[in-house]
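This report concerns only the one structure given below.
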Amino acid sequence: MTDFDAKTFLTSIFDAAVAAADPERTIRAHLPEKPKGRTVVVGAGKGVAQMAAAFDKIWDGPLEGLVVTRYGYGAPTERIEVIEAAHPVPDAAGLEAARRLLEAVNGLSSDDLVVALVCGGGSALLPSPAGRLTLADEIAVNEALLASGAPISAMNLIRKHVSTIKGGRLAAAAHPAKVVSLIVSDIPGDNPALVASGPTVPDAGGRAEALAAIDAYGMKLPEAVMAHLNSPEADAPLADDERFARNEVRLIASAAVSLEAAAAEAKRQGIEAVILSDSMEGEARDVGSVHAAIAREVATRDRPFRKPVLILSGGETTVTLRAKGKGGRNSEFLLAFALGVDGLPGIDALAADTDGIDGSEDNAGAFADGSSVVRMRAAGVDAKAMLAGNNAWTAFHSVGDLFVPGPTGTNVNDLRAILVR
């Protein structure tokens, strides 16, 4: 592998994974039949503006609607309005967007069609507090969830029980119109009811499971939220509700498909690839340490895979906040990984969120190799201290190894690619 640039190679792997979830390609393959009446598009998520632009381009009949995405993630559309709001902590713009989505599907007939474009990030973008709850209550819930270390499935189970739009309620509001949901999954296991907390897809998980998750992860939620969750008013509609009988749910892109595309791209470039899993969860630093152990085993013993090899995994790790540093789950994963392969040559890795943003900064993740910790030390940065302080962004910024592709227009969870040469 003379004249081989690992960062260029790993970036091409990321690009292949993102391309496999390209909105125009995936939506074209899942277009619903045209209705007798109106076609109304609604949706939410960090990649939904690009989904809306693709649907607008492809659909050759009358069309109207609106979608909500993160600030800075908009895309030009002709017939579908794109609203921007805050993520990962909700704001008033998101509250107004949720109100307008519910208004858009109100008063439809059985001849009308609602197309719901849904992808990751929609939970925070659609605050719609139920009962006597307020936006401040929903913000407090989000902040507690983000700091808890709970998996995304548990987070979204809780979110849907404090909302008037999640947990299938947007689809219920559209009845008797038919609702076709086109979903890009960022959820380990690809349960469509958990993507963006399922605004158009009901789920079997009930209040009891939500309360159990709050207890299991030691979350401290406002008294008003706990009172609501302990009342029947929080119950979400179930899948056998007759209002969902005509609806369709289509999973149009997922981590599994993107990982296969990434593996195919590696093989095209002459490097064998293995996929560990498309649904890994757990504390980011722990998952990073485990991946480092696998890479060490390959590098030093040629097992369980023979080098050269690209080791791939997907899913969504979590970060339990111990301090107020800068970072995200991918950079934290990678800092633990870098510590685990410190001093070993021939190991290069990229961990990144396929939507283009990891945490609250402008990077999707970072690159690391066996020299990362040494280079950080030379820059005056203690990698172990940075990891302890949830400050992985600062660590990788100090050595110029942040990965900043910008918004990608899709979201199929995290991609971890480890090359052992």
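Residues in the structure tokens are named by chain (A, B, ... in the order shown) and by number from 1 within that chain; ligands are numbered from 1 in the order shown.
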
* Asked: Any idea what's packed within 9 Å of segment 330-335 of chain A, counting only C-alpha atoms, ignoring anything in its chain fewer than 4 positions away? Could you give it as a ChimeraX atom specification?
  -> /A:283-289,316-317,319,339-340,349-353,358-359,364-368,372-373,383-384,386-387,390-393,395-396,402,414-416

* To do: Taking the DSSP assignment computed from this structure's backbone, write out as a ChimeraX atom specification all residues of segment 143-299 of chain A that belong to strand (DSSP E).
  => /A:178-184,248-253,272-280

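Distance annotation: of A:Ala213, A:Ala417, A:Val290, A:Val225, the residue with the minimal separation from Ser148 of chain A is A:Ala213; atom set is only C-alpha atoms.
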
* Skip Gly37 of chain A itself and residues of its chain fewer than 4 positions away, then list as a PyMOL selection string all residues within 12 Å of it, counting only C-alpha atoms. => chain A and resi 33+61-64+108-114+177-178

For the residues in that selection, give me N, CA and C atoms as a PDB file, in the first residue's frame.
ATOM      1  N   GLU A  33     -48.995   5.455  -4.544  1.00  0.00           N
ATOM      2  CA  GLU A  33     -49.917   5.728  -5.645  1.00  0.00           C
ATOM      3  C   GLU A  33     -50.552   7.098  -5.457  1.00  0.00           C
ATOM      4  N   GLY A  61     -47.630  15.116  -9.659  1.00  0.00           N
ATOM      5  CA  GLY A  61     -49.003  15.561  -9.445  1.00  0.00           C
ATOM      6  C   GLY A  61     -49.037  16.761  -8.519  1.00  0.00           C
ATOM      7  N   PRO A  62     -50.244  17.258  -8.208  1.00  0.00           N
ATOM      8  CA  PRO A  62     -50.386  18.382  -7.269  1.00  0.00           C
ATOM      9  C   PRO A  62     -49.762  18.020  -5.912  1.00  0.00           C
ATOM     10  N   LEU A  63     -49.224  19.024  -5.242  1.00  0.00           N
ATOM     11  CA  LEU A  63     -48.455  18.755  -4.021  1.00  0.00           C
ATOM     12  C   LEU A  63     -48.436  19.998  -3.139  1.00  0.00           C
ATOM     13  N   GLU A  64     -48.509  19.778  -1.823  1.00  0.00           N
ATOM     14  CA  GLU A  64     -48.397  20.857  -0.841  1.00  0.00           C
ATOM     15  C   GLU A  64     -47.851  20.268   0.456  1.00  0.00           C
ATOM     16  N   LEU A 108     -58.752  16.575   6.512  1.00  0.00           N
ATOM     17  CA  LEU A 108     -58.585  15.855   5.250  1.00  0.00           C
ATOM     18  C   LEU A 108     -59.670  14.794   5.087  1.00  0.00           C
ATOM     19  N   SER A 109     -59.843  14.322   3.847  1.00  0.00           N
ATOM     20  CA  SER A 109     -60.853  13.302   3.554  1.00  0.00           C
ATOM     21  C   SER A 109     -60.185  11.967   3.249  1.00  0.00           C
ATOM     22  N   SER A 110     -61.013  10.950   3.080  1.00  0.00           N
ATOM     23  CA  SER A 110     -60.497   9.610   2.772  1.00  0.00           C
ATOM     24  C   SER A 110     -59.901   9.540   1.366  1.00  0.00           C
ATOM     25  N   ASP A 111     -60.166  10.555   0.535  1.00  0.00           N
ATOM     26  CA  ASP A 111     -59.578  10.598  -0.813  1.00  0.00           C
ATOM     27  C   ASP A 111     -58.191  11.228  -0.825  1.00  0.00           C
ATOM     28  N   ASP A 112     -57.783  11.792   0.308  1.00  0.00           N
ATOM     29  CA  ASP A 112     -56.512  12.515   0.370  1.00  0.00           C
ATOM     30  C   ASP A 112     -55.378  11.597   0.829  1.00  0.00           C
ATOM     31  N   LEU A 113     -54.142  12.001   0.501  1.00  0.00           N
ATOM     32  CA  LEU A 113     -52.941  11.249   0.859  1.00  0.00           C
ATOM     33  C   LEU A 113     -51.991  12.153   1.647  1.00  0.00           C
ATOM     34  N   VAL A 114     -51.527  11.635   2.766  1.00  0.00           N
ATOM     35  CA  VAL A 114     -50.480  12.307   3.524  1.00  0.00           C
ATOM     36  C   VAL A 114     -49.197  11.493   3.369  1.00  0.00           C
ATOM     37  N   ALA A 177     -57.667  10.422   6.093  1.00  0.00           N
ATOM     38  CA  ALA A 177     -56.735  10.361   4.966  1.00  0.00           C
ATOM     39  C   ALA A 177     -55.782   9.184   5.148  1.00  0.00           C
ATOM     40  N   LYS A 178     -55.300   8.641   4.040  1.00  0.00           N
ATOM     41  CA  LYS A 178     -54.293   7.588   4.094  1.00  0.00           C
ATOM     42  C   LYS A 178     -52.932   8.231   4.343  1.00  0.00           C
TER      43      LYS A 178
END

* To do: Between atom CA of Trp59 of chain A and atom CA of Ile27 of chain A, measure the distance and give it in Å to one decimal.
  => 10.0 Å

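Closest approach to Ala264 of chain A among A:Leu312, A:Ile58, A:Leu182, A:Met219: A:Leu312, based on only C-alpha atoms.
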
* Using only C-alpha atoms, determine which residues lie at most 10 Å from Glu143 of chain A, disregarding the query and same-chain residues fewer than 6 positions distant; provide the list as a PyMOL selection string. => chain A and resi 88-90+137+219+221

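Residue neighbourhood of Thr354 of chain A, excluding near-sequence residues (fewer than 6 positions): Phe14, Ala17, Val18, Ala364, Thr408, Thr410, Asn411, Val412, Asn413, Asp414 and Leu415 of chain A, at 8 Å, using only C-alpha atoms.
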
* Asked: Skipping near chain neighbours, those fewer than 3 positions away, what residues fall within 8 Å of Pro129 of chain A using only C-alpha atoms, listed as a PyMOL selection string?
  -> chain A and resi 132-135+137-138+162-164

Using the selection just defined, write its residues with N, CA and C atoms as a compact mmCIF listing (two decimals), in the first residue's frame.
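This went into out.txt:
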# COMPACT_ATOMS: atom_id res chain seq x y z
N ARG A 132 -50.96 19.67 30.49
CA ARG A 132 -50.59 20.97 31.07
C ARG A 132 -49.10 21.24 30.95
N LEU A 133 -48.39 20.39 30.23
CA LEU A 133 -46.94 20.58 30.10
C LEU A 133 -46.62 21.77 29.21
N THR A 134 -45.42 22.30 29.38
CA THR A 134 -44.98 23.47 28.63
C THR A 134 -43.74 23.13 27.80
N LEU A 135 -43.34 24.07 26.94
CA LEU A 135 -42.11 23.89 26.18
C LEU A 135 -40.92 23.73 27.12
N ASP A 137 -40.93 22.32 29.99
CA ASP A 137 -40.95 20.93 30.47
C ASP A 137 -40.34 19.99 29.43
N GLU A 138 -40.71 20.20 28.17
CA GLU A 138 -40.19 19.31 27.13
C GLU A 138 -38.69 19.52 26.92
N VAL A 162 -44.98 12.35 26.24
CA VAL A 162 -45.19 13.72 26.72
C VAL A 162 -45.54 14.64 25.56
N SER A 163 -46.03 14.06 24.47
CA SER A 163 -46.24 14.81 23.23
C SER A 163 -47.65 14.65 22.69
N THR A 164 -48.08 15.65 21.92
CA THR A 164 -49.36 15.54 21.20
C THR A 164 -49.16 15.22 19.73

* To do: Just list the residues in segment 42-192 of chain A DSSP gives helix (DSSP H, G or I) on the backbone, as number ranges by chain.
  => A: 48-58, 92-104, 122-125, 135-148, 152-162, 169-174, 192

* Rank A:Cys119, A:Val68, A:Ala379, A:Ile139 by their smallest atom-to-atom distance to Ala98 of chain A, using only C-alpha atoms, and report the top residue only. => A:Val68

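Proximity ranking of A:Leu95, A:Val180, A:His175, A:Thr69 relative to Thr39 of chain A places A:Val180 first, based on only C-alpha atoms.
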
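Across the structure, atom CA of Met155 of chain A and atom CA of Ser128 of chain A are spaced 15.7 Å apart.
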